[in-house]
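A.B. asks: Questions regarding the structure given below will be posed in turn.
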Amino acid sequence: MSQAEHTAGAAPDVDASGRVALLAELAHALPAAALLASTEELKPYECDGLTAYRCLPWAVALPQSEEQVLAVLKVCHRRQVPVVVRGAGTGLSGGATPVAKGVVLSLARFMRILEIDPAARLARVQPGVRNLAISEAAAACGLYYAPDPSSQIACTIGGNIAENAGGVHCLKYGLTLHNVVKLRVALMSGEVMEIGSHALDDPGYDLLALMIGSEGMLGVVLEASVKLTPKPHTAQVVMASFDSVIEAGNAVAAIIAAGILPAGLEMMDKLATAAVEDFVHAGYDLTAAAILLAESDGIAEEVAEEIATMSALLQQNGARQLRISQSEAERLKYWAGRKAAFPAVGRITPDYLCMDGTIPRKHLAHVLTRIAELSEEFRLRCANVFHAGDGNLHPLIMFDARNPGETERAIAFGAKILELSVDVGGTITGEHGVGIEKVQQMCVQFSREELEAFHAVKAAFDPLALLNPGKAVPVPRHCSEYRLTGSAR
Amino acid sequence: MNDCVEDFRSRILERRPLRLRGGGSKDFYGGPLHGEVLDTRSHSGIIGYEPTELVITARCGTPLAEIESALAARRQSVACQPPLFGAASIGGVVAAGLSGPPRARTGSLRDSVLGVKLMDGEGRELNFGGQVIKNVAGFDVSRLIAGSLGTLGLILEVSLKVLPLPPADATLRFELPQDKALAALNQWAGQPLPLAASCWQAQVLTLRLAGAQAAVAAARRNLGGELVAEPEAAAFWAALREQTGSFFAGDAPLWRLSLPSVTPPLDLAGAVLIEWGGAQRWLRGDVDGASLRQLAAQAGGHATLFRGGEKSGGVFAPLTPALMEVHRRLKQSFDPYGVFNPGRLYPEF
Ligand SMILES: Cc1cc2nc3c(=O)[nH]c(=O)nc-3n(C[C@H](O)[C@H](O)[C@H](O)COP(=O)(O)OP(=O)(O)OC[C@H]3O[C@@H](n4cnc5c(N)ncnc54)[C@H](O)[C@@H]3O)c2cc1C
């Protein structure tokens with residue numbers, strides 16, 4: 001799409017001499033291959049997974065050592081040049097979208113797993129290590145890293161930490177927050193500190209809680225220690241089809257009310273199921289209004305019992321067809337579809353926006369009905385995938401950026417969904433982060449005073465506000481403007 | 001209800017040091033007490049509890065006991081079983097951030113915090129987090145508040161994630177010396193076993209299993225040991241949670257060491273009790289705080305003077321200058337006039 005309207009504030013009057021001086025200093029700090037500055041080289045970094053927003057930075061730094069990272073930070077700090085840290089660039093909220101007249105600091109080359117300690121059930125890794133690579137490295141010890149975002153083949157642990165990423169198994173095994181115990185962090189000033197430890201708690205304030213989910217705005221993660229979880233003996237998934245999303249929602253509540261905490265509990269609506277089936281051929285029921293995947297793990301007897309209980313509850317709540325995975329291959333196939341939901345939808349539409357609100361589950365029917373109405377209103381299709389266990393809803397708004405005005409319409413539709421999530425007592429983002437995409441809706445969810453508190457937290461780590469500026473926390477003044485336009489309450 | 005919030009606000013706006021206090025169950029904990037008491041117990045009651053959403057929201061003065069009985073009626077609980085120590089209020093539970101015996105398995109109290117309504121040093125009411133399980137909008141201030149010992153503001157309300165109670169449990173006992181017990185605990189923790197809690201003391205390792213019936217039964221067969229019958233087992237874990245057993249009796253200083261679970265037995269001058277699979281070790285005795293702290297730091301952990309003893313050497317392990325600077329700035333922004341619990345966490349603020 002065109003760069004015209006949705007850049008992160010790019011100004012045409014590039015301060016050329018500032019850029020030249022910066023590049024000279026960076027060239028001094030980095031090997032030649034670690035500094036990209038031509039338009040051609042910069043192009044791949046102009047956006048992350050949120051492709052509707054693009055911006056060319058002044059430069060991209062690809063350091064290979066901690067000294068080089070610190071040198072880049074110090075140069076930028078001294079020159080007061082903004083820095084945007086980047087992992088794999090799979091983020092869906094524009095967290096890694098460059099800022100104009102800034103430097104992108106890519107940690108893609110920090111790919112080493114430094115240590116797998118099976119006795120302590122910990123892995124110590126560099127920030128550019130891919131999520132799945134940790135589980136692969138720990139597999140020989142019967143351990144794995146539990147949070148499993150659907151992007152786990154590509155996304156990095158640094159990006160996971162910055163977004164507090166979740167996955168389909170997080171209801172039972174926790175989010176990134178619950179699985180990261182220690183970080184080595186560089187502040188914007190180039191100062192390095194260790195936050196957390198291999199013990200279960202630390203003296204003083206819980207700065208680890210602040211760092212995780214801070215969207216690259218407080219510090220640069222240089223190293224992380226993460227918890228490894230013993231692999232369950234076995235796992236099985238039951239797939240249920242429903243004639244209405246309301247019934248499917250009730251079935252989810254019934255499972256939770258029965259005291260079961262499934263290893264996974266996911267829902268897809270009809271449009272999502274169709275897109276996915278076309279892509280992975282998992283044998284999903286294409287006539288169902290919603291399908292539900294409920295997983296149990298543990299020892300064989302336990303799994304058999306839990307699957308039986310869940311099956312009964314699903315049936316009592318109107319499931320018209322149940323299928324239970326009969327082998328590990330089949331279980332993985334059922335999940336493959338759910339995990340490929342975004343790319344599958346990506347195949348049936350030139351562009352899509354992925355929303356990420358969390359809602360109290362009891363409002364699911366209302367929210368989905370309202371989304372369907374909005375879909376008509378904005379004349380854009382919308383498929384829904386849902387982390388049903390924890391209420392995290394991903395409406396996927398389909399559009400074609402080549403059609404004039406359609407991107408704007410998609411963004412406006414998305415904004416309505418975010419506001420709807422807040423209205424029913426939820427939040428604008430459950431796991432993808434605010435980034436630049438939802439920065440205005442922060443004004444809906446938070447008061448001026450709360451936003452000021454967030455700015456103060458940022459200033460405690462980054463007083464000059466140079467790390468990822470303009471993301472996640474809006475300037476309260478901009479909120480008044482947003483409210484005036486009538487979009488917000 | 002609003003009356004007492006207004007009352008809190010006007011006290012805060014006087015800008016004199018306040019000592020925030022709920023049930024007073026943890027008056028012993030942290031640095032020396034300063035300031036006039038602000039009693040939160042008038043601001044009490046469960047605001048919302050929906051078992052199928054796995055979330056409970058309550059006002060700060062609500063007794064933890066009241067919350068636990070509401071949850072138990074629906075077979076749910078605050079999974080980490082924070083200590084009651086008598087009359088703990090939920091505000092104090094979150095402020096202190098202490099977790100009970102199942103912590104190694106369930107995560108910490110902080111892990112279950114979903115949202116906090118805070119009154120800051122300017123008397124402003126601020127909401128962080130919320131009432132849903134997944135929420136990454138804004139910095140995670142609600143979990144920062146957990147364990148901040150009331151130094152960042154007055155907690156008005158909290159929302160916690162709750163979990164179903166395990167359907168079955170069993171307690172096993174093994175005669176083992178400390179090194180063997182630690183090795184066994186770490187080895188078991190690397191397997192998919194339904195471990196719920198552990199306690200080693202005086203050559204005896206007591207292990208609690210909790211989970212599905214079949215899983216608990218299989219683990220029992222697997223691990224051996226001697227089965228401890230109910231109600232003795234329940235009484236044992238309750239006493240451990242509440243520190244009412246003989247190990248915790250008397251006036252000798254009580255140190256808490258938080259260590260990597262794999263830390264081998266430390267050479268400590270005093271009686272030792274080990275929880276959390278090796279990660280939490282209690283020590284009774286008049287030991288030299290500085291050298292104990294050094295020992296803990298060398299092992300990758302830290303030591304807290306939990307109860308009693310001479311507090312002038314500091315209750316919590318000192319921070320590096322860089323971390324202290326971040327702490328100071330955070331404190332300054334939430335509590336610019338130094339109203340809330342001055343000196344309770346660190347003498348510097
Ligand atoms: C197909 C698809 C499926 C997805 N599924 C899920 C899912 O199931 N669950 C989920 O939570 N997300 C999902 N995502 C979103 C995305 O993958 C996650 O947000 C992921 O954590 C981003 O990691 P990344 O390495 O790509 O980070 P990037 O996109 O490069 O960066 C994300 C943020 O992290 C910051 N950052 C990166 N590295 C560091 C570091 N070392 N130090 C400090 N800050 C850093 C960046 O500045 C930015 O703000 C999905 C995305 C796609 C495209």
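Note on naming: chains are A, B, ... as they come in the structure tokens, residues start from 1 per chain, ligands start from 1 in the order shown.
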Taking only C-alpha atoms into account, which residues of chain A are within 6 Å of chain B, as an NGL selection string?
C.D. replies: :A and (120 or 198-199 or 205-206 or 209-210 or 214 or 230 or 232 or 253 or 256-257 or 259 or 302 or 390 or 429-431 or 433 or 450 or 460)
A.B. asks: Please check which protein, DNA or RNA residues sit within 6 Å of ligand 1, counting only C-alpha atoms and all ligand atoms, and write them as a VMD selection string.
C.D. replies: chain A and resid 48 to 49 84 to 92 95 to 96 127 149 to 151 155 to 156 158 to 160 162 to 163 165 to 167 215 to 216 219 to 222 342 to 343 431 to 432
A.B. asks: Take the residues from that selection and write them out as a PDB file, in the first residue's frame, keeping C-alpha atoms.
C.D. replies:
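Listing of selection.pdb after writing:
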```pdb
ATOM      1  CA  ASP A  48       6.457  -5.641  10.665  1.00  0.00           C
ATOM      2  CA  GLY A  49       3.494  -8.029  10.461  1.00  0.00           C
ATOM      3  CA  VAL A  84      13.326   0.719  17.446  1.00  0.00           C
ATOM      4  CA  VAL A  85      14.354  -2.790  18.460  1.00  0.00           C
ATOM      5  CA  ARG A  86      13.374  -5.575  16.124  1.00  0.00           C
ATOM      6  CA  GLY A  87      13.217  -9.334  16.468  1.00  0.00           C
ATOM      7  CA  ALA A  88      11.703 -11.335  13.616  1.00  0.00           C
ATOM      8  CA  GLY A  89       9.248  -8.600  12.653  1.00  0.00           C
ATOM      9  CA  THR A  90       6.192 -10.852  13.000  1.00  0.00           C
ATOM     10  CA  GLY A  91       4.487  -8.464  15.433  1.00  0.00           C
ATOM     11  CA  LEU A  92       0.917  -7.575  14.491  1.00  0.00           C
ATOM     12  CA  GLY A  95       5.676  -2.518  17.586  1.00  0.00           C
ATOM     13  CA  ALA A  96       8.678  -2.870  15.292  1.00  0.00           C
ATOM     14  CA  PRO A 127      17.080 -12.588  22.254  1.00  0.00           C
ATOM     15  CA  PRO A 149       2.350 -18.412  19.706  1.00  0.00           C
ATOM     16  CA  SER A 150       1.133 -19.571  16.308  1.00  0.00           C
ATOM     17  CA  SER A 151       4.093 -17.709  14.828  1.00  0.00           C
ATOM     18  CA  CYS A 155       9.095 -15.157  16.131  1.00  0.00           C
ATOM     19  CA  THR A 156      11.928 -14.515  18.586  1.00  0.00           C
ATOM     20  CA  GLY A 158      12.943 -11.091  22.487  1.00  0.00           C
ATOM     21  CA  GLY A 159       9.769 -10.219  20.593  1.00  0.00           C
ATOM     22  CA  ASN A 160       7.739 -12.616  22.779  1.00  0.00           C
ATOM     23  CA  ALA A 162       8.309  -7.457  24.510  1.00  0.00           C
ATOM     24  CA  GLU A 163       4.714  -8.444  23.683  1.00  0.00           C
ATOM     25  CA  ALA A 165       3.079 -13.345  23.808  1.00  0.00           C
ATOM     26  CA  GLY A 166       0.523 -16.068  24.378  1.00  0.00           C
ATOM     27  CA  GLY A 167      -0.391 -19.266  22.602  1.00  0.00           C
ATOM     28  CA  GLU A 215       6.882  -3.385  23.677  1.00  0.00           C
ATOM     29  CA  GLY A 216      10.548  -2.521  23.359  1.00  0.00           C
ATOM     30  CA  GLY A 219      15.062  -1.612  27.494  1.00  0.00           C
ATOM     31  CA  VAL A 220      16.739  -3.941  25.029  1.00  0.00           C
ATOM     32  CA  VAL A 221      16.664  -7.598  26.044  1.00  0.00           C
ATOM     33  CA  LEU A 222      20.184  -8.982  25.579  1.00  0.00           C
ATOM     34  CA  PHE A 342      -3.899 -16.198  10.041  1.00  0.00           C
ATOM     35  CA  PRO A 343      -1.963 -17.290   6.950  1.00  0.00           C
ATOM     36  CA  GLU A 431      -1.297 -10.620  23.396  1.00  0.00           C
ATOM     37  CA  HIS A 432      -0.299  -8.652  20.285  1.00  0.00           C
TER      38      HIS A 432
END
```
A.B. asks: Counting only C-alpha atoms, what is within 9 Å of B:Pro17, bar same-chain residues fewer than 4 positions away, as a ChimeraX atom specification?
C.D. replies: /B:12,34-36,337-342
A.B. asks: Write the residues of the preceding selection, restricted to C-alpha atoms, as a PDB file, in the first residue's frame.
C.D. replies:
```pdb
ATOM      1  CA  ILE B  12      -3.136  11.053  51.555  1.00  0.00           C
ATOM      2  CA  HIS B  34       6.721   4.716  60.312  1.00  0.00           C
ATOM      3  CA  GLY B  35       3.760   7.028  59.953  1.00  0.00           C
ATOM      4  CA  GLU B  36       0.184   7.148  61.105  1.00  0.00           C
ATOM      5  CA  TYR B 337       5.648  13.267  48.636  1.00  0.00           C
ATOM      6  CA  GLY B 338       6.866  10.074  50.286  1.00  0.00           C
ATOM      7  CA  VAL B 339       3.518   9.332  51.918  1.00  0.00           C
ATOM      8  CA  PHE B 340       3.232   5.569  51.542  1.00  0.00           C
ATOM      9  CA  ASN B 341       5.004   3.229  53.962  1.00  0.00           C
ATOM     10  CA  PRO B 342       8.331   5.092  53.989  1.00  0.00           C
TER      11      PRO B 342
END
```
A.B. asks: Apply DSSP to the backbone of this structure and, from stretch 8-114 of chain B, keep only the residues in helix (DSSP H, G or I); write these as a PyMOL selection string.
C.D. replies: chain B and resi 8-13+51-53+64-72+90-96+103-106+109-112
A.B. asks: Find the residues near stretch 266-283 of chain A: any atom within 8 Å, counting only C-alpha atoms, skip ones fewer than 3 places away on the same chain, and give them as number ranges by chain.
C.D. replies: A: 168, 245, 248, 286-294, 333-334, 336-338, 340-341, 344-345, 347-348, 382-389
A.B. asks: Could you check the closest approach to A:Ala138 for each of A:His28, A:Lys182, A:Arg361, A:Arg124 and tell me which residue wins, using only C-alpha atoms?
C.D. replies: A:Arg124
A.B. asks: Write out as a ChimeraX atom specification all residues of stretch 138-382 of chain A that backbone DSSP assigns to strand (DSSP E).
C.D. replies: /A:143-144,180-186,192-196,220-227,229-230,234-242,264-269,290-298,321-324,351-354,382
A.B. asks: Taking only C-alpha atoms into account, which of B:Gly314, B:Pro101, B:Gly309, B:Pro32 comes nearest B:Leu207?
C.D. replies: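 Of all the options, B:Pro101 lies closest to B:Leu207.
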A.B. asks: Please determine, counting only C-alpha atoms, which residue among A:Ala133, A:Leu22, A:Leu143, A:Leu107 has the shortest atom-to-atom distance to A:Ala119.
C.D. replies: A:Leu143
A.B. asks: Excluding A:Ser311 and residues on its chain fewer than 3 positions from it, collect all residues at most 12 Å away from it, counting only C-alpha atoms, and give them as an MDAnalysis selection string.
C.D. replies: chainID A and resid 236:241 251:252 254:255 292:296 303:308 314:324
A.B. asks: Report, in Å with one decimal, the straight-line distance from atom CA of A:Val104 to atom CA of A:Asp15.
C.D. replies: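 Distance reported for this atom pair: 17.1 Å.
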A.B. asks: Mind giving me the straight-line distance from atom CA of A:Ser106 to atom CA of A:Val20 in Å, one decimal?
C.D. replies: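 Taking atom CA of A:Ser106 as the start and atom CA of A:Val20 as the end point, the length is 20.2 Å.
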A.B. asks: Which value, in Å to one decimal, gives the distance between atom CA of A:Val69 and atom CA of A:Phe461?
C.D. replies: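 Pair atom CA of A:Val69 / atom CA of A:Phe461 returns 17.2 Å.
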